[in-house]
Amino acid sequence: MTPAKKGILERLDSGEVVVGDGGFLLSLEKRGYVNAGLWTPEVVVEHPEAVRQLHTEFLRAGANVMQTFTFSASEDNLESQWEAVNAAACDLAREVADRGDALVAGGICRTSMYKHHKDEAAIKKLFRLQLEVFMRKNVDFLIAEYFESAEEAVWAVEVLKESGKPVAATMCIGPEGDVHGVAPGDCAVQLVKAGASIIGVNCRFGPETSLKTVALLKSGLQNAGLKAHLMVQSLGFHMPDCGKGGFVDLPEYPFALEPRVATRWDIQKYARDAYNLGVRYIGGCCGFEPYHIRAIAEELAPERGFLPPASEKHGSWGSGLNMHTKPWVRARARREYWENLLPATGRPFCPSLSKPDASE
């Protein structure tokens, strides 16, 4: 009989590093499976093989949480399709998670209706409908992600707590706080008081900015005498020039972000900095590909006690280059070289930074 997997809180309480899978939306949009806009995930029923493959690649890269691809999969965005999408997404995540020591997280996100009217009962009903599917499919824990407003995020946590399962809550905010001006530290306090055991940020901002925000969340909890596990799932892009709204403010969003993609070495630094900050749930969002998740797993292999299967064909810090025919390429097979490299973009006349469009 196969022993039961340790739950998310048991893992985090023991100090284990949990690696979340990466960003499905932009990855699948680039592959031609998701339409830009609301980024709704009909692909889980239209092309399940694509979602299965991406889950598989993230698992192989070292992720041990498979998050259901249910972003924007509520009734207000998908109408009659929402239930089938949520159920199929749970099945795909479970199928792949069971191939390794991975957990399944059922995910909900902000609603379209909150922006137009703050009807708490109606919004909670949308969350509760998704939760019913997650409970039926017996996911391991729940994530409320991508919330601009602490108020709506609190409503999501309150609903998910009805399940009795552990709840993580992440907001798509930067150091300036939420859309209503609530400071990150205050957002953290509200989420924990609502019942979240894990809090953090996801999406909208790059690695450096995301970690600055997590530091503010941590400080807010400490000042309030509260405790929670910390989580970060940043973008896989560099964007120090974005506005309060994050990468959606940039003129390159969403179809010309490739010049900003973080290298694997950038992500190794992100993973180490996150770990040093006290974050033990580390993953990625839009722009993250499996090799980025592998970078997290490789950087934190000493703490995790193992390398992921994807490292079988990848020498640490370019060690495989030792076999290259060119001596100047062989000389790059060292950590110091890659950590100190300032990569060129190769794009003549392009500015290094952009002027963000006016946010709402």
# chains A, B, ... in the order shown; residues from 1 in each chain; ligands from 1
$ residues_around --residues "A:Gly20" --least-positions-apart "2" --cutoff "8 Å" --atoms "only C-alpha atoms" --output "tab-separated table (two decimals) with all heavy atoms, in the first residue's frame"
chain	number	residue	atom	x	y	z
A	18	VAL	N	8.86	23.86	-0.85
A	18	VAL	CA	7.83	23.43	-1.79
A	18	VAL	C	7.97	24.26	-3.06
A	18	VAL	O	8.07	25.49	-3.00
A	18	VAL	CB	6.42	23.61	-1.18
A	18	VAL	CG1	5.36	23.33	-2.23
A	18	VAL	CG2	6.24	22.71	0.03
A	22	GLY	N	4.77	26.25	-12.86
A	22	GLY	CA	4.94	27.57	-13.45
A	22	GLY	C	3.68	28.15	-14.04
A	22	GLY	O	2.56	27.72	-13.77
A	63	ALA	N	8.90	20.60	-9.68
A	63	ALA	CA	7.73	21.10	-8.95
A	63	ALA	C	7.08	19.96	-8.17
A	63	ALA	O	6.99	18.83	-8.66
A	63	ALA	CB	6.71	21.69	-9.92
A	64	ASN	N	6.64	20.26	-6.95
A	64	ASN	CA	5.89	19.26	-6.20
A	64	ASN	C	4.52	19.76	-5.77
A	64	ASN	O	3.91	19.23	-4.85
A	64	ASN	CB	6.68	18.69	-5.01
A	64	ASN	CG	7.20	19.76	-4.07
A	64	ASN	OD1	7.07	20.96	-4.34
A	64	ASN	ND2	7.80	19.34	-2.99
A	65	VAL	N	4.03	20.77	-6.47
A	65	VAL	CA	2.62	21.17	-6.41
A	65	VAL	C	2.13	21.34	-7.84
A	65	VAL	O	2.74	22.07	-8.63
A	65	VAL	CB	2.42	22.49	-5.63
A	65	VAL	CG1	0.97	22.97	-5.82
A	65	VAL	CG2	2.71	22.31	-4.16
A	66	MET	N	1.07	20.65	-8.18
A	66	MET	CA	0.40	20.82	-9.46
A	66	MET	C	-0.86	21.63	-9.22
A	66	MET	O	-1.81	21.14	-8.59
A	66	MET	CB	0.02	19.46	-10.08
A	66	MET	CG	1.17	18.49	-10.32
A	66	MET	SD	2.25	19.00	-11.67
A	66	MET	CE	3.71	19.53	-10.73
A	67	GLN	N	-0.87	22.86	-9.65
A	67	GLN	CA	-2.05	23.71	-9.45
A	67	GLN	C	-3.03	23.51	-10.60
A	67	GLN	O	-2.63	23.51	-11.76
A	67	GLN	CB	-1.65	25.18	-9.36
A	67	GLN	CG	-2.82	26.10	-9.02
A	67	GLN	CD	-2.37	27.53	-8.75
A	67	GLN	OE1	-1.20	27.78	-8.43
A	67	GLN	NE2	-3.28	28.48	-8.85
A	233	GLN	N	5.33	33.58	-6.23
A	233	GLN	CA	5.29	33.06	-7.59
A	233	GLN	C	5.34	34.26	-8.53
A	233	GLN	O	4.32	34.76	-8.99
A	233	GLN	CB	4.04	32.20	-7.82
A	233	GLN	CG	4.08	30.90	-7.00
A	233	GLN	CD	3.02	29.90	-7.40
A	233	GLN	OE1	1.85	30.05	-7.07
A	233	GLN	NE2	3.44	28.85	-8.10
A	281	TYR	N	7.61	28.35	0.02
A	281	TYR	CA	6.79	27.96	-1.12
A	281	TYR	C	7.20	28.89	-2.26
A	281	TYR	O	6.87	30.07	-2.27
A	281	TYR	CB	5.31	28.11	-0.80
A	281	TYR	CG	4.34	27.51	-1.81
A	281	TYR	CD1	3.26	26.75	-1.38
A	281	TYR	CD2	4.47	27.72	-3.18
A	281	TYR	CE1	2.35	26.20	-2.28
A	281	TYR	CE2	3.58	27.18	-4.09
A	281	TYR	CZ	2.52	26.42	-3.63
A	281	TYR	OH	1.64	25.89	-4.54
A	282	ILE	N	7.97	28.35	-3.21
A	282	ILE	CA	8.57	29.16	-4.26
A	282	ILE	C	8.18	28.58	-5.61
A	282	ILE	O	8.33	27.39	-5.87
A	282	ILE	CB	10.10	29.18	-4.13
A	282	ILE	CG1	10.51	29.64	-2.73
A	282	ILE	CG2	10.73	30.08	-5.19
A	282	ILE	CD1	11.99	29.46	-2.43
A	283	GLY	N	7.67	29.42	-6.48
A	283	GLY	CA	7.28	28.97	-7.81
A	283	GLY	C	7.32	30.12	-8.78
A	283	GLY	O	7.99	31.13	-8.57
A	284	GLY	N	6.57	29.98	-9.87
A	284	GLY	CA	6.56	31.01	-10.89
A	284	GLY	C	5.18	31.20	-11.47
A	284	GLY	O	4.28	30.39	-11.28
$ residues_around --residues "A:Gly7" --least-positions-apart "3" --cutoff "8 Å" --atoms "only C-alpha atoms" --output "PyMOL selection string"
chain A and resi 10-11+103+140
$ write_last_selection --atoms "C-alpha atoms" --output "mmCIF file, in the first residue's frame"
data_model
loop_
_atom_site.group_PDB
_atom_site.id
_atom_site.type_symbol
_atom_site.label_atom_id
_atom_site.label_comp_id
_atom_site.auth_asym_id
_atom_site.auth_seq_id
_atom_site.Cartn_x
_atom_site.Cartn_y
_atom_site.Cartn_z
ATOM 1 C CA GLU A 10 3.123 19.362 7.206
ATOM 2 C CA ARG A 11 5.774 19.967 4.561
ATOM 3 C CA LEU A 103 0.191 17.673 -4.286
ATOM 4 C CA ASP A 140 -5.037 18.497 -1.346
#
$ select_by_dssp --residues "stretch 106-191 of chain A" --states "alpha helix (DSSP H)" --output "count of residues only"
36
$ closest_residue --among "A:Ala333, A:Ala50, A:Ile198, A:Ala153" --to "A:Gly320" --atoms "only C-alpha atoms"
A:Ala333
$ closest_residue --among "A:Asp249, A:Asp119, A:Asp91, A:Asp266" --to "A:Thr70" --atoms "only C-alpha atoms"
A:Asp91
$ closest_atom_pairs --of "stretch 51-140 of chain A" --to "stretch 40-46 of chain A" --cutoff "9 Å" --atoms "only C-alpha atoms" --output "Markdown table"
| residue | atom | partner | partner_atom | distance |
| --- | --- | --- | --- | --- |
| A:Val51 | CA | A:Val44 | CA | 6.2 |
| A:Arg52 | CA | A:Val44 | CA | 8.6 |
| A:Phe69 | CA | A:Pro41 | CA | 6.7 |
| A:Thr70 | CA | A:Pro41 | CA | 6.4 |
| A:Phe71 | CA | A:Thr40 | CA | 6.6 |
| A:Ser72 | CA | A:Thr40 | CA | 5.4 |
| A:Ala73 | CA | A:Thr40 | CA | 6.2 |
| A:Asn77 | CA | A:Thr40 | CA | 7.3 |
| A:Leu78 | CA | A:Thr40 | CA | 7.3 |
| A:Gln81 | CA | A:Glu42 | CA | 7.9 |
| A:Trp82 | CA | A:Glu42 | CA | 8.6 |
| A:Ala84 | CA | A:Val45 | CA | 7.5 |
| A:Val85 | CA | A:Val44 | CA | 6.2 |
| A:Asn86 | CA | A:Val44 | CA | 8.5 |
| A:Ala88 | CA | A:Val44 | CA | 6.1 |
| A:Ala89 | CA | A:Val44 | CA | 5.8 |
| A:Leu92 | CA | A:Val44 | CA | 8.0 |
$ write_last_selection --atoms "all heavy atoms" --output "compact mmCIF listing (two decimals), in the first residue's frame"
# COMPACT_ATOMS: atom_id res chain seq x y z
N VAL A 51 -2.18 20.43 -21.70
CA VAL A 51 -2.09 20.74 -20.27
C VAL A 51 -1.35 19.62 -19.54
O VAL A 51 -0.50 19.86 -18.68
CB VAL A 51 -3.50 20.94 -19.67
CG1 VAL A 51 -3.42 21.21 -18.18
CG2 VAL A 51 -4.22 22.08 -20.39
N ARG A 52 -1.67 18.38 -19.90
CA ARG A 52 -0.99 17.23 -19.28
C ARG A 52 0.52 17.31 -19.52
O ARG A 52 1.32 17.07 -18.61
CB ARG A 52 -1.55 15.93 -19.85
CG ARG A 52 -0.94 14.68 -19.24
CD ARG A 52 -1.46 13.42 -19.92
NE ARG A 52 -2.91 13.24 -19.70
CZ ARG A 52 -3.83 13.39 -20.65
NH1 ARG A 52 -3.47 13.73 -21.89
NH2 ARG A 52 -5.11 13.20 -20.38
N PHE A 69 -5.43 24.07 -13.51
CA PHE A 69 -5.49 25.18 -14.47
C PHE A 69 -6.94 25.67 -14.52
O PHE A 69 -7.68 25.39 -15.47
CB PHE A 69 -4.99 24.71 -15.82
CG PHE A 69 -4.86 25.82 -16.84
CD1 PHE A 69 -4.66 27.14 -16.45
CD2 PHE A 69 -4.93 25.55 -18.19
CE1 PHE A 69 -4.54 28.16 -17.37
CE2 PHE A 69 -4.81 26.55 -19.13
CZ PHE A 69 -4.62 27.86 -18.72
N THR A 70 -7.31 26.41 -13.48
CA THR A 70 -8.69 26.90 -13.36
C THR A 70 -8.73 28.42 -13.23
O THR A 70 -9.70 28.97 -12.71
CB THR A 70 -9.37 26.24 -12.14
OG1 THR A 70 -8.50 26.32 -10.99
CG2 THR A 70 -9.69 24.79 -12.42
N PHE A 71 -7.72 29.09 -13.70
CA PHE A 71 -7.68 30.55 -13.68
C PHE A 71 -8.83 31.10 -14.53
O PHE A 71 -9.00 30.71 -15.68
CB PHE A 71 -6.34 31.04 -14.22
CG PHE A 71 -6.17 32.54 -14.13
CD1 PHE A 71 -5.64 33.12 -13.00
CD2 PHE A 71 -6.51 33.35 -15.19
CE1 PHE A 71 -5.48 34.49 -12.91
CE2 PHE A 71 -6.36 34.72 -15.12
CZ PHE A 71 -5.84 35.30 -13.98
N SER A 72 -9.61 31.99 -13.95
CA SER A 72 -10.77 32.58 -14.64
C SER A 72 -11.81 31.55 -15.04
O SER A 72 -12.60 31.78 -15.96
CB SER A 72 -10.34 33.37 -15.89
OG SER A 72 -9.68 34.57 -15.52
N ALA A 73 -11.83 30.41 -14.35
CA ALA A 73 -12.77 29.35 -14.71
C ALA A 73 -14.03 29.38 -13.86
O ALA A 73 -14.58 28.35 -13.50
CB ALA A 73 -12.09 27.98 -14.59
N ASN A 77 -17.08 34.01 -16.10
CA ASN A 77 -16.22 34.08 -17.28
C ASN A 77 -16.51 32.98 -18.30
O ASN A 77 -16.35 33.20 -19.51
CB ASN A 77 -14.74 33.98 -16.85
CG ASN A 77 -14.29 35.20 -16.09
OD1 ASN A 77 -14.68 36.32 -16.39
ND2 ASN A 77 -13.44 34.99 -15.09
N LEU A 78 -16.90 31.80 -17.83
CA LEU A 78 -17.06 30.66 -18.73
C LEU A 78 -18.51 30.21 -18.92
O LEU A 78 -18.77 29.30 -19.69
CB LEU A 78 -16.23 29.49 -18.22
CG LEU A 78 -14.72 29.61 -18.43
CD1 LEU A 78 -14.01 28.40 -17.83
CD2 LEU A 78 -14.37 29.72 -19.90
N GLN A 81 -19.63 26.42 -19.42
CA GLN A 81 -18.47 25.55 -19.50
C GLN A 81 -17.71 25.42 -18.18
O GLN A 81 -16.85 24.55 -18.04
CB GLN A 81 -17.48 26.08 -20.56
CG GLN A 81 -17.35 25.18 -21.77
CD GLN A 81 -16.22 25.66 -22.67
OE1 GLN A 81 -15.97 26.84 -22.81
NE2 GLN A 81 -15.54 24.72 -23.29
N TRP A 82 -18.01 26.29 -17.23
CA TRP A 82 -17.14 26.43 -16.06
C TRP A 82 -16.96 25.12 -15.29
O TRP A 82 -15.85 24.78 -14.87
CB TRP A 82 -17.68 27.52 -15.12
CG TRP A 82 -18.91 27.11 -14.34
CD1 TRP A 82 -20.20 27.28 -14.71
CD2 TRP A 82 -18.92 26.43 -13.09
NE1 TRP A 82 -21.04 26.74 -13.77
CE2 TRP A 82 -20.28 26.22 -12.75
CE3 TRP A 82 -17.93 25.98 -12.21
CZ2 TRP A 82 -20.67 25.58 -11.58
CZ3 TRP A 82 -18.32 25.34 -11.04
CH2 TRP A 82 -19.68 25.15 -10.73
N ALA A 84 -17.29 21.88 -16.24
CA ALA A 84 -16.51 20.88 -16.96
C ALA A 84 -15.03 21.23 -16.96
O ALA A 84 -14.17 20.35 -16.83
CB ALA A 84 -17.02 20.77 -18.40
N VAL A 85 -14.73 22.52 -17.10
CA VAL A 85 -13.34 22.96 -17.09
C VAL A 85 -12.70 22.70 -15.72
O VAL A 85 -11.58 22.17 -15.63
CB VAL A 85 -13.24 24.45 -17.47
CG1 VAL A 85 -11.86 25.01 -17.13
CG2 VAL A 85 -13.54 24.64 -18.95
N ASN A 86 -13.38 23.05 -14.65
CA ASN A 86 -12.83 22.84 -13.32
C ASN A 86 -12.60 21.35 -13.04
O ASN A 86 -11.56 20.95 -12.50
CB ASN A 86 -13.74 23.45 -12.25
CG ASN A 86 -13.56 24.94 -12.11
OD1 ASN A 86 -12.76 25.41 -11.32
ND2 ASN A 86 -14.32 25.71 -12.89
N ALA A 88 -12.20 18.86 -15.25
CA ALA A 88 -11.13 18.32 -16.10
C ALA A 88 -9.76 18.78 -15.61
O ALA A 88 -8.79 18.01 -15.63
CB ALA A 88 -11.35 18.75 -17.55
N ALA A 89 -9.68 20.03 -15.16
CA ALA A 89 -8.40 20.55 -14.67
C ALA A 89 -7.94 19.80 -13.43
O ALA A 89 -6.74 19.51 -13.27
CB ALA A 89 -8.53 22.04 -14.37
N LEU A 92 -6.59 16.31 -14.55
CA LEU A 92 -5.28 16.38 -15.19
C LEU A 92 -4.18 16.61 -14.17
O LEU A 92 -3.12 15.97 -14.21
CB LEU A 92 -5.27 17.50 -16.24
CG LEU A 92 -6.06 17.22 -17.52
CD1 LEU A 92 -6.24 18.51 -18.31
CD2 LEU A 92 -5.37 16.17 -18.37
$ select_by_dssp --residues "stretch 269-298 of chain A" --states "strand (DSSP E or B)" --output "PyMOL selection string"
chain A and resi 281-284
$ write_last_selection --atoms "N, CA, C and O atoms" --output "PDB file, in the first residue's frame"
ATOM      1  N   TYR A 281       7.614  28.353   0.020  1.00  0.00           N
ATOM      2  CA  TYR A 281       6.790  27.961  -1.124  1.00  0.00           C
ATOM      3  C   TYR A 281       7.204  28.887  -2.258  1.00  0.00           C
ATOM      4  O   TYR A 281       6.868  30.067  -2.269  1.00  0.00           O
ATOM      5  N   ILE A 282       7.966  28.349  -3.207  1.00  0.00           N
ATOM      6  CA  ILE A 282       8.568  29.155  -4.263  1.00  0.00           C
ATOM      7  C   ILE A 282       8.178  28.581  -5.614  1.00  0.00           C
ATOM      8  O   ILE A 282       8.331  27.387  -5.866  1.00  0.00           O
ATOM      9  N   GLY A 283       7.665  29.419  -6.479  1.00  0.00           N
ATOM     10  CA  GLY A 283       7.283  28.968  -7.808  1.00  0.00           C
ATOM     11  C   GLY A 283       7.316  30.119  -8.780  1.00  0.00           C
ATOM     12  O   GLY A 283       7.991  31.129  -8.566  1.00  0.00           O
ATOM     13  N   GLY A 284       6.567  29.980  -9.873  1.00  0.00           N
ATOM     14  CA  GLY A 284       6.559  31.013 -10.886  1.00  0.00           C
ATOM     15  C   GLY A 284       5.178  31.205 -11.467  1.00  0.00           C
ATOM     16  O   GLY A 284       4.278  30.387 -11.284  1.00  0.00           O
TER      17      GLY A 284
END
$ atom_distance --atom1 "atom CA of A:Cys109" --atom2 "atom CA of A:Asn276"
28.2 Å
$ atom_distance --atom1 "atom CA of A:Glu298" --atom2 "atom CA of A:Lys5"
22.4 Å
$ residues_around --residues "A:Val201" --least-positions-apart "5" --cutoff "7 Å" --atoms "only C-alpha atoms" --output "VMD selection string"
chain A and resid 170 to 173 210 214 231 to 233
$ residues_around --residues "A:Gly246" --least-positions-apart "5" --cutoff "9 Å" --atoms "only C-alpha atoms" --output "list of chain:residue names"
A:Cys172, A:Ile173, A:Gly174, A:Cys203, A:Arg204, A:Phe205, A:Gly206, A:Met239, A:Asp241
$ write_last_selection --atoms "N, CA, C and O atoms" --output "compact mmCIF listing (two decimals), in the first residue's frame"
# COMPACT_ATOMS: atom_id res chain seq x y z
N CYS A 172 -1.76 39.95 -6.45
CA CYS A 172 -0.94 40.46 -7.55
C CYS A 172 -0.65 41.94 -7.31
O CYS A 172 -1.05 42.81 -8.07
N ILE A 173 0.06 42.20 -6.21
CA ILE A 173 0.37 43.56 -5.81
C ILE A 173 1.87 43.75 -5.70
O ILE A 173 2.63 42.79 -5.56
N GLY A 174 2.28 45.02 -5.77
CA GLY A 174 3.67 45.38 -5.56
C GLY A 174 3.82 46.11 -4.24
O GLY A 174 2.91 46.13 -3.41
N CYS A 203 2.32 36.74 -9.85
CA CYS A 203 2.07 37.46 -11.09
C CYS A 203 2.38 38.97 -11.00
O CYS A 203 2.92 39.45 -10.01
N ARG A 204 2.11 39.67 -12.07
CA ARG A 204 2.17 41.11 -12.23
C ARG A 204 3.57 41.73 -12.13
O ARG A 204 3.86 42.72 -12.78
N PHE A 205 4.45 41.19 -11.27
CA PHE A 205 5.76 41.81 -11.04
C PHE A 205 6.88 40.78 -11.18
O PHE A 205 6.66 39.58 -11.03
N GLY A 206 8.09 41.28 -11.46
CA GLY A 206 9.24 40.42 -11.63
C GLY A 206 9.82 39.94 -10.31
O GLY A 206 9.34 40.30 -9.23
N MET A 239 10.97 43.65 -14.98
CA MET A 239 10.15 44.83 -15.24
C MET A 239 10.23 45.85 -14.11
O MET A 239 9.23 46.19 -13.48
N ASP A 241 10.51 48.86 -14.48
CA ASP A 241 9.93 50.09 -14.99
C ASP A 241 8.41 50.07 -15.04
O ASP A 241 7.79 51.02 -15.51
$ closest_residue --among "A:Ala156, A:Val182, A:Glu57, A:Ala271" --to "A:Glu303" --atoms "only C-alpha atoms"
A:Ala271
$ residues_around --residues "stretch 342-352 of chain A" --least-positions-apart "2" --cutoff "7 Å" --atoms "only C-alpha atoms" --output "JSON, numbers by chain"
{"A": [259, 340, 354]}
$ atom_distance --atom1 "atom CA of A:Tyr253" --atom2 "atom CA of A:Leu235"
12.5 Å
$ closest_residue --among "A:Ser149, A:Pro254, A:Phe127, A:Glu162" --to "A:Ala188" --atoms "only C-alpha atoms"
A:Ser149
$ residues_around --residues "A:Gln222" --least-positions-apart "4" --cutoff "12 Å" --atoms "only C-alpha atoms" --output "number ranges by chain"
A: 185-186, 188-189, 192, 215-218, 226-228
$ residues_around --residues "stretch 288-297 of chain A" --least-positions-apart "6" --cutoff "9 Å" --atoms "only C-alpha atoms" --output "VMD selection string"
chain A and resid 19 to 24 26 to 27 54 57 to 63 234 to 237 261 to 272 282 304 306 to 308 310 to 311
$ write_last_selection --atoms "C-alpha atoms" --output "PDB file, in the first residue's frame"
ATOM      1  CA  VAL A  19       8.162  24.285  -5.476  1.00  0.00           C
ATOM      2  CA  GLY A  20       5.024  25.294  -7.327  1.00  0.00           C
ATOM      3  CA  ASP A  21       4.551  24.691 -11.030  1.00  0.00           C
ATOM      4  CA  GLY A  22       4.938  27.566 -13.445  1.00  0.00           C
ATOM      5  CA  GLY A  23       2.741  29.876 -15.458  1.00  0.00           C
ATOM      6  CA  PHE A  24       0.346  28.038 -17.728  1.00  0.00           C
ATOM      7  CA  LEU A  26       1.351  32.597 -21.374  1.00  0.00           C
ATOM      8  CA  SER A  27       3.005  29.236 -22.027  1.00  0.00           C
ATOM      9  CA  LEU A  54       3.039  21.058 -19.374  1.00  0.00           C
ATOM     10  CA  GLU A  57       7.359  19.011 -17.687  1.00  0.00           C
ATOM     11  CA  PHE A  58       6.970  21.072 -14.515  1.00  0.00           C
ATOM     12  CA  LEU A  59       6.888  17.905 -12.398  1.00  0.00           C
ATOM     13  CA  ARG A  60      10.018  16.616 -14.103  1.00  0.00           C
ATOM     14  CA  ALA A  61      11.667  20.011 -13.545  1.00  0.00           C
ATOM     15  CA  GLY A  62      11.168  19.718  -9.788  1.00  0.00           C
ATOM     16  CA  ALA A  63       7.730  21.097  -8.955  1.00  0.00           C
ATOM     17  CA  SER A 234       6.740  35.951  -9.557  1.00  0.00           C
ATOM     18  CA  LEU A 235       6.686  36.604 -13.273  1.00  0.00           C
ATOM     19  CA  GLY A 236       9.519  35.232 -15.370  1.00  0.00           C
ATOM     20  CA  PHE A 237      10.196  38.721 -16.732  1.00  0.00           C
ATOM     21  CA  VAL A 261      12.544  36.988 -20.053  1.00  0.00           C
ATOM     22  CA  ALA A 262      14.650  36.079 -17.023  1.00  0.00           C
ATOM     23  CA  THR A 263      17.545  33.708 -17.555  1.00  0.00           C
ATOM     24  CA  ARG A 264      17.821  30.483 -15.586  1.00  0.00           C
ATOM     25  CA  TRP A 265      20.606  32.115 -13.578  1.00  0.00           C
ATOM     26  CA  ASP A 266      18.335  35.049 -12.687  1.00  0.00           C
ATOM     27  CA  ILE A 267      15.843  32.529 -11.362  1.00  0.00           C
ATOM     28  CA  GLN A 268      18.470  30.698  -9.327  1.00  0.00           C
ATOM     29  CA  LYS A 269      19.220  34.017  -7.618  1.00  0.00           C
ATOM     30  CA  TYR A 270      15.503  34.606  -7.103  1.00  0.00           C
ATOM     31  CA  ALA A 271      15.163  31.185  -5.484  1.00  0.00           C
ATOM     32  CA  ARG A 272      18.109  31.771  -3.151  1.00  0.00           C
ATOM     33  CA  ILE A 282       8.568  29.155  -4.263  1.00  0.00           C
ATOM     34  CA  ARG A 304      15.640  19.749  -0.638  1.00  0.00           C
ATOM     35  CA  PHE A 306      17.708  15.914  -4.303  1.00  0.00           C
ATOM     36  CA  LEU A 307      17.942  17.078  -7.891  1.00  0.00           C
ATOM     37  CA  PRO A 308      14.935  16.814 -10.220  1.00  0.00           C
ATOM     38  CA  ALA A 310      15.256  17.201 -15.585  1.00  0.00           C
ATOM     39  CA  SER A 311      18.771  17.772 -14.223  1.00  0.00           C
TER      40      SER A 311
END
